[in-house]
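Accompanying notes for the structure given below.
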Amino acid sequence: MSCSPFDLRDYFFGELPEEGRHQVELHSRSCVQCREELNRLLSTQAALLAVADEEIPQRIGFVSDRVYEPSRLMRWWRGFWGSAPRLGFASAAMLSAAIIFSAAHRPAPAPVDVARVQTDFSRQMNEAVERAVAESDARYEERTARLLAATGRQFEAVMMEKYARRDYRAAILRNVSQ
Amino acid sequence: MIFRAVEDADLIQKARQGDVEAFNLLISRWEKRVFNYLLRILRNREDALDLSQDVFLKAYQNLRKLEDNTRFAAWLFRIAHNEAYSLFRKRKPESEPEAEERSQQAITTGGAAVFPIELSIAVSSALGRLTADQREAVVLKIYQGFKFEEMAEILSCPVSTVKSRLYTALDLLKTDLSPLKVRGAV
């Protein structure tokens, strides 16, 4: 059981942060037990590493065979899709091409026929004036007719009253003379 | 190691774009490490060589799935680990030595100083007495020098499990290898 402030094995494998390493080093200077434990770990590691890596008996290089090599077109295609800047540039280029194509193929506005526009305008203006005059005449005639009718009725009423008064006076005179 | 990682990242980028020579260079840098990792956990040269080839073939086929080029080592060893365990599963009875069989491989070198060849046998026996998981943890840490986080990525398990396997293995190895003193090596 270690009395170190941190796990000695973490320290041994270099997995402690700077502060932890420092504390373990300070502690192990004064602790025989922890120094011995570190020595045991070192011996074990050294024994394991004494058995060196072997050379690989046969080099691996299967992809250098032309059969496995992608064609020039495929290499370009893979390279194209593997590069973000190229993809971005291609997208921008396609967008620009679409805008130019759209602008080039949009139907142009028809040329303006000034004489025709003026004729149309005059015709429409005359029609509007005629319509307004006709409406105004109709309103005037209607009003005149209304006034004539009212005047006639008024005249008739006055005349009726006048005749009635004359008949009354004649009757009185007849009575007086009798 | 930083320069190496940068150069590897450059080679991976070129290999992704179809540069076969770049991938060949990448293989030449890593084949020895992958072969020795497989050799130490499989304990069979032919299997280790066959699987090394499979590992690099799979790496080449899946190179575009590697998200971070700087984590190539852990990614490559993850493929190697999967290949090895796939073989373990295929050959379950012979690939996992029984405890009884393991106990018969006890080290017999005693406390006397030994020559490198004897040490090699002793170490091989000591590693052979570990479970496959413990042995792999030792191989990844001591021989391949991976960090705990990388080991956890390779083995698909938490860091705590990695540490537990490694430290249990170390306790066993300390006991088994402590009597050894090799001339000029330990």
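How things are named: the first chain in the structure tokens is A, the next is B, and so on; residues count from 1 in each chain; ligands count from 1 in the order shown.
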What are the nearest atom pairs, with distances in Å to one decimal, for all residues of chain A that come at most 9 Å from chain B, using only C-alpha atoms, set out by chain and rising residue number as a Markdown table?
| residue | atom | partner | partner_atom | distance |
| --- | --- | --- | --- | --- |
| A:Arg9 | CA | B:Tyr167 | CA | 7.7 |
| A:Asp10 | CA | B:Lys163 | CA | 8.9 |
| A:Phe13 | CA | B:Lys141 | CA | 8.2 |
| A:Gly14 | CA | B:Lys147 | CA | 8.6 |
| A:Glu15 | CA | B:Lys147 | CA | 7.4 |
| A:Arg40 | CA | B:Lys174 | CA | 6.9 |
| A:Leu41 | CA | B:Lys174 | CA | 7.2 |
| A:Ser43 | CA | B:Val186 | CA | 6.4 |
| A:Thr44 | CA | B:Lys174 | CA | 5.7 |
| A:Gln45 | CA | B:Ile142 | CA | 6.9 |
| A:Ala46 | CA | B:Val186 | CA | 5.8 |
| A:Ala47 | CA | B:Val186 | CA | 6.1 |
| A:Leu48 | CA | B:Val123 | CA | 6.2 |
| A:Leu49 | CA | B:Tyr143 | CA | 7.0 |
| A:Ala50 | CA | B:Ala185 | CA | 6.2 |
| A:Val51 | CA | B:Ser120 | CA | 5.5 |
| A:Ala52 | CA | B:Ser120 | CA | 8.9 |
| A:Asp53 | CA | B:Asn36 | CA | 6.1 |
| A:Glu54 | CA | B:Asn36 | CA | 6.5 |
| A:Glu55 | CA | B:Lys32 | CA | 6.4 |
| A:Ile56 | CA | B:Lys32 | CA | 5.7 |
| A:Pro57 | CA | B:Leu49 | CA | 7.8 |
| A:Gln58 | CA | B:Leu49 | CA | 7.7 |
| A:Arg59 | CA | B:Ser28 | CA | 7.7 |
| A:Ile60 | CA | B:Gln53 | CA | 6.3 |
| A:Gly61 | CA | B:Asn24 | CA | 6.0 |
| A:Phe62 | CA | B:Leu57 | CA | 8.1 |
| A:Val63 | CA | B:Val20 | CA | 6.4 |
| A:Ser64 | CA | B:Val20 | CA | 6.2 |
| A:Tyr68 | CA | B:Val20 | CA | 8.9 |
| A:Glu69 | CA | B:Val20 | CA | 6.8 |
| A:Pro70 | CA | B:Gly18 | CA | 6.8 |
| A:Ser71 | CA | B:Gly18 | CA | 8.9 |
| A:Arg72 | CA | B:Gly18 | CA | 8.8 |
| A:Met74 | CA | B:Gly18 | CA | 7.8 |
| A:Arg75 | CA | B:Gly18 | CA | 4.8 |
| A:Trp76 | CA | B:Gln17 | CA | 7.3 |
| A:Trp77 | CA | B:Gln17 | CA | 8.2 |
| A:Arg78 | CA | B:Gln17 | CA | 5.3 |
| A:Gly79 | CA | B:Gln17 | CA | 4.0 |
| A:Phe80 | CA | B:Gln17 | CA | 7.7 |
| A:Trp81 | CA | B:Gln17 | CA | 8.5 |
| A:Gly82 | CA | B:Gln17 | CA | 6.4 |
| A:Ser83 | CA | B:Gln17 | CA | 8.5 |
Pick out the residues sitting within 9 Å of stretch 87-92 of chain B, and hand them over as a VMD selection string; count only C-alpha atoms, and ignore anything fewer than 5 positions along from it in its own chain. chain B and resid 42 47 51 82
Nearest residue to B:Ser125 from the set B:Ser164, B:Leu172, B:Lys65, B:Met151 (distances using only C-alpha atoms): B:Leu172
